[in-house]
Amino acid sequence: MSYARRSLRTVLLIAVVILFVGMVGARRAPATSPRQPLPMSHKRHLDKQMKCRACHQGVEGEAMASFPTLADCMDCHKTPQGQEPAEPEVRVFAARGQELSWVLLNRLPGHVYFSHAAHVTLGRVKCEACHRDMSKVDQAPIEADVHLDMSACVACHRDGNASLDCLACHK
């Protein structure tokens, strides 16, 4: 076997090992569940006819959707909004002048580019196509609500006749 062939086989073997280790590592659950700053109920907010973009701004025009800031929450919660025992907690953050530190649960590898704006605005993809049905979630999520892997993305792109060009998502 020639040197060039052995080198190619070695490079391919290393690439397969790196991909395997990356896939296994990406699927491991965190050692402990993260604690969100508030026991926020998506269900309660959506029952009041609020839209996702009311709290997750940027979803239509930017790559990343934001998390609600304390000011966003205080727009509605300056005064009590019901009988939920945890609802006053947001005003405790405000009294301390402490911003909400939401824990990001969905992470993509650094070589993957995803744009909420492209999917939501151009592709007209509904939030629940990638995220679970948040109208049934009665607490702030503590685990990723979508399994992010290439096979799911490719299947969705095929179903929606979207680009399958590798460079559309991989940088």
# chains A, B, ... in the order shown; residues from 1 in each chain; ligands from 1

$ residues_around --residues "Met74 (chain A)" --least-positions-apart "2" --cutoff "8 Å" --atoms "only C-alpha atoms" --output "NGL selection string"
:A and (70-72 or 76-78 or 90-91 or 94)

$ residues_around --residues "Cys55 (chain A)" --least-positions-apart "4" --cutoff "12 Å" --atoms "only C-alpha atoms" --output "JSON, numbers by chain"
{"A": [40, 42, 45, 46, 50, 51, 59, 65, 66, 67, 68, 69, 70, 71, 72, 73, 74, 75, 76]}

$ write_last_selection --atoms "N, CA and C atoms" --output "CSV table (one decimal), in the first residue's frame"
chain,number,residue,atom,x,y,z
A,40,MET,N,-41.2,30.0,35.6
A,40,MET,CA,-42.1,30.6,34.6
A,40,MET,C,-42.9,29.6,33.8
A,42,HIS,N,-44.8,28.7,30.6
A,42,HIS,CA,-45.2,29.0,29.2
A,42,HIS,C,-46.7,28.9,29.0
A,45,HIS,N,-48.8,31.8,30.1
A,45,HIS,CA,-48.6,33.0,29.3
A,45,HIS,C,-49.3,32.8,27.9
A,46,LEU,N,-49.2,31.6,27.4
A,46,LEU,CA,-49.8,31.3,26.1
A,46,LEU,C,-51.4,31.2,26.2
A,50,MET,N,-50.7,35.3,24.5
A,50,MET,CA,-49.4,35.9,24.2
A,50,MET,C,-48.7,35.1,23.1
A,51,LYS,N,-47.9,35.8,22.3
A,51,LYS,CA,-47.2,35.1,21.2
A,51,LYS,C,-45.7,34.9,21.7
A,59,VAL,N,-36.8,36.8,17.1
A,59,VAL,CA,-37.0,35.5,16.5
A,59,VAL,C,-37.4,35.7,15.0
A,65,ALA,N,-33.0,34.1,19.0
A,65,ALA,CA,-34.1,34.7,19.7
A,65,ALA,C,-33.6,35.0,21.1
A,66,SER,N,-34.1,36.1,21.7
A,66,SER,CA,-33.6,36.5,23.0
A,66,SER,C,-34.5,35.8,24.1
A,67,PHE,N,-33.9,35.9,25.3
A,67,PHE,CA,-34.7,35.5,26.5
A,67,PHE,C,-35.3,36.8,27.0
A,68,PRO,N,-36.4,36.6,27.7
A,68,PRO,CA,-37.0,37.8,28.3
A,68,PRO,C,-36.1,38.5,29.4
A,69,THR,N,-36.0,39.8,29.3
A,69,THR,CA,-35.3,40.5,30.3
A,69,THR,C,-36.2,40.8,31.5
A,70,LEU,N,-35.6,41.3,32.5
A,70,LEU,CA,-36.4,41.7,33.7
A,70,LEU,C,-37.4,42.8,33.3
A,71,ALA,N,-36.9,43.7,32.4
A,71,ALA,CA,-37.8,44.8,32.0
A,71,ALA,C,-39.0,44.3,31.2
A,72,ASP,N,-38.7,43.2,30.3
A,72,ASP,CA,-39.8,42.6,29.6
A,72,ASP,C,-40.9,42.1,30.5
A,73,CYS,N,-40.4,41.3,31.5
A,73,CYS,CA,-41.4,40.7,32.5
A,73,CYS,C,-42.1,41.8,33.3
A,74,MET,N,-41.4,42.9,33.6
A,74,MET,CA,-42.0,43.9,34.5
A,74,MET,C,-43.0,44.7,33.7
A,75,ASP,N,-43.0,44.7,32.3
A,75,ASP,CA,-44.0,45.4,31.5
A,75,ASP,C,-45.4,44.9,32.0
A,76,CYS,N,-45.5,43.6,32.3
A,76,CYS,CA,-46.8,43.1,32.7
A,76,CYS,C,-46.9,42.8,34.2

$ residues_around --residues "Met134 (chain A)" --least-positions-apart "3" --cutoff "10 Å" --atoms "only C-alpha atoms" --output "ChimeraX atom specification"
/A:41-46,52,127-128,131,137-141,145

$ write_last_selection --atoms "N, CA and C atoms" --output "CSV table (one decimal), in the first residue's frame"
chain,number,residue,atom,x,y,z
A,41,SER,N,-44.2,29.8,33.7
A,41,SER,CA,-45.1,28.9,33.0
A,41,SER,C,-45.4,29.4,31.6
A,42,HIS,N,-44.8,28.7,30.6
A,42,HIS,CA,-45.2,29.0,29.2
A,42,HIS,C,-46.7,28.9,29.0
A,43,LYS,N,-47.2,27.8,29.6
A,43,LYS,CA,-48.7,27.5,29.4
A,43,LYS,C,-49.5,28.7,29.8
A,44,ARG,N,-49.3,29.2,31.0
A,44,ARG,CA,-50.0,30.3,31.6
A,44,ARG,C,-50.0,31.5,30.7
A,45,HIS,N,-48.8,31.8,30.1
A,45,HIS,CA,-48.6,33.0,29.3
A,45,HIS,C,-49.3,32.8,27.9
A,46,LEU,N,-49.2,31.6,27.4
A,46,LEU,CA,-49.8,31.3,26.1
A,46,LEU,C,-51.4,31.2,26.2
A,52,CYS,N,-45.1,33.9,21.2
A,52,CYS,CA,-43.7,33.6,21.5
A,52,CYS,C,-42.8,34.8,21.4
A,127,CYS,N,-42.9,27.8,15.6
A,127,CYS,CA,-42.0,27.5,16.8
A,127,CYS,C,-42.1,26.0,17.2
A,128,GLU,N,-43.3,25.5,17.2
A,128,GLU,CA,-43.5,24.2,17.7
A,128,GLU,C,-43.0,23.1,16.8
A,131,HIS,N,-39.4,23.3,18.7
A,131,HIS,CA,-39.6,23.3,20.1
A,131,HIS,C,-40.8,22.5,20.4
A,137,VAL,N,-46.4,23.4,28.6
A,137,VAL,CA,-45.3,23.4,29.6
A,137,VAL,C,-45.6,24.4,30.7
A,138,ASP,N,-45.7,23.9,31.9
A,138,ASP,CA,-46.1,24.7,33.0
A,138,ASP,C,-45.0,25.1,33.9
A,139,GLN,N,-43.8,25.0,33.5
A,139,GLN,CA,-42.6,25.4,34.2
A,139,GLN,C,-41.5,25.8,33.3
A,140,ALA,N,-40.5,26.6,33.8
A,140,ALA,CA,-39.4,27.0,32.9
A,140,ALA,C,-38.6,25.7,32.6
A,141,PRO,N,-38.3,25.5,31.3
A,141,PRO,CA,-37.6,24.2,30.9
A,141,PRO,C,-36.3,24.1,31.6
A,145,ASP,N,-35.4,21.3,24.6
A,145,ASP,CA,-36.7,20.8,24.2
A,145,ASP,C,-36.7,20.3,22.7

$ closest_residue --among "A:Glu99, A:His170, A:Gly82, A:Met150" --to "Tyr113 (chain A)" --atoms "only C-alpha atoms"
A:His170

$ atom_distance --atom1 "CA of Ser115 (chain A)" --atom2 "CA of Ser101 (chain A)"
22.4 Å

$ atom_distance --atom1 "CA of Ala155 (chain A)" --atom2 "CA of Ala63 (chain A)"
21.0 Å

$ atom_distance --atom1 "CA of Leu148 (chain A)" --atom2 "CA of Cys130 (chain A)"
9.0 Å

$ select_by_dssp --residues "region 66-163 of chain A" --states "alpha helix (DSSP H)" --output "PyMOL selection string"
chain A and resi 70-77+89-96+116-117+127-130+150-159

$ write_last_selection --atoms "C-alpha atoms" --output "mmCIF file, in the first residue's frame"
data_model
loop_
_atom_site.group_PDB
_atom_site.id
_atom_site.type_symbol
_atom_site.label_atom_id
_atom_site.label_comp_id
_atom_site.auth_asym_id
_atom_site.auth_seq_id
_atom_site.Cartn_x
_atom_site.Cartn_y
_atom_site.Cartn_z
ATOM 1 C CA LEU A 70 -36.429 41.692 33.687
ATOM 2 C CA ALA A 71 -37.808 44.814 31.972
ATOM 3 C CA ASP A 72 -39.810 42.618 29.570
ATOM 4 C CA CYS A 73 -41.351 40.729 32.495
ATOM 5 C CA MET A 74 -42.022 43.904 34.452
ATOM 6 C CA ASP A 75 -44.031 45.353 31.545
ATOM 7 C CA CYS A 76 -46.833 43.061 32.741
ATOM 8 C CA HIS A 77 -45.799 42.065 36.256
ATOM 9 C CA GLU A 89 -40.841 36.369 42.455
ATOM 10 C CA VAL A 90 -40.234 38.542 39.382
ATOM 11 C CA ARG A 91 -40.887 41.642 41.495
ATOM 12 C CA VAL A 92 -38.291 40.396 44.011
ATOM 13 C CA PHE A 93 -35.698 40.421 41.187
ATOM 14 C CA ALA A 94 -36.826 43.935 40.268
ATOM 15 C CA ALA A 95 -36.579 45.181 43.867
ATOM 16 C CA ARG A 96 -32.983 43.895 44.017
ATOM 17 C CA HIS A 116 -34.289 31.870 13.643
ATOM 18 C CA ALA A 117 -35.084 34.692 11.206
ATOM 19 C CA CYS A 127 -41.981 27.513 16.761
ATOM 20 C CA GLU A 128 -43.499 24.164 17.735
ATOM 21 C CA ALA A 129 -41.932 22.470 14.706
ATOM 22 C CA CYS A 130 -38.566 22.574 16.517
ATOM 23 C CA MET A 150 -28.127 16.660 11.507
ATOM 24 C CA SER A 151 -30.538 13.874 10.516
ATOM 25 C CA ALA A 152 -33.522 15.768 11.954
ATOM 26 C CA CYS A 153 -32.452 18.997 10.232
ATOM 27 C CA VAL A 154 -31.889 17.251 6.881
ATOM 28 C CA ALA A 155 -35.263 15.489 7.110
ATOM 29 C CA CYS A 156 -36.998 18.801 7.800
ATOM 30 C CA HIS A 157 -35.142 20.508 4.947
ATOM 31 C CA ARG A 158 -36.154 17.665 2.592
ATOM 32 C CA ASP A 159 -39.801 17.799 3.719
#
